[in-house]
Amino acid sequence: MMSALGKDKLFPALKKRGSVCSPSNHEFRQKEGCWRFKHSVSTVSHADEPSQRDETSRLTVRMENTYQLGPTKHFPATTVNRILEDVLTTYLQGAEYEPEFCRQMTKTISEVIKARVKELTIPRYKLIVTVYIGQRDGQSIHIGSRCLWDPQNDTVSSYTFKNSTFFALANVYAVYFE
């Protein structure tokens, strides 16, 4: 039988790496102070704490595909149009064109619109909200967009607000996520 001190001297590298070697009497024979292997030695590596990857792999839940090809509830474009009108009118009524103000308002208005549309809880739709604010100074502007989508399930809602000094255009693209 091997003592604990003998194991420490024989297997110091394995101990430092965190591996344990467990020789039994049948696997080893001592002859003239050296150890011979009868068959093989098996090592078992161990870790005191599980790695982060192991922890997350245990916590993830795998869901099966639903194979749902169309929405159960279509995107309510008319309701979203009313939200766009309400938000743009509320935030921009009586305002004058100022570049810094308009830059901040595009961010604020797009976040408010996105939050209000998300409150409708329409499942499996990805939302893209864009807001443009520009100065009205006797020029014309054309704004276009292109998207690759399914015309049966995907849609867009749009509203334009105008006053004497600027215009604002808000779009909400709703793309069904299959």
# chains A, B, ... in the order shown; residues from 1 in each chain; ligands from 1
>>> select_by_dssp(residues="segment 54-111 of chain A", states="helix (DSSP H, G or I)", output="MDAnalysis selection string")
chainID A and resid 54:59 77:92 99:111
>>> residues_around(residues="segment 82-90 of chain A", least_positions_apart="5", cutoff="7 Å", atoms="only C-alpha atoms", output="PyMOL selection string")
chain A and resi 113+159+161+170
>>> residues_around(residues="Ala95 of chain A", least_positions_apart="5", cutoff="9 Å", atoms="only C-alpha atoms", output="ChimeraX atom specification")
/A:163,165-166
>>> closest_residue(among="A:Tyr132, A:Glu178, A:Ile141, A:Asn153", to="Thr66 of chain A", atoms="only C-alpha atoms")
A:Glu178
>>> residues_around(residues="segment 78-80 of chain A", least_positions_apart="3", cutoff="12 Å", atoms="only C-alpha atoms", output="number ranges by chain")
A: 74-75, 83-87, 113-120, 122, 127, 129, 155-159, 170-174
>>> residues_around(residues="Tyr97 of chain A", least_positions_apart="6", cutoff="12 Å", atoms="only C-alpha atoms", output="MDAnalysis selection string")
chainID A and resid 103:105 133:137 162:168
>>> atom_distance(atom1="atom CA of Ile109 of chain A", atom2="atom CA of Arg124 of chain A")
23.2 Å
>>> atom_distance(atom1="atom CA of Gln152 of chain A", atom2="atom CA of Leu69 of chain A")
11.1 Å
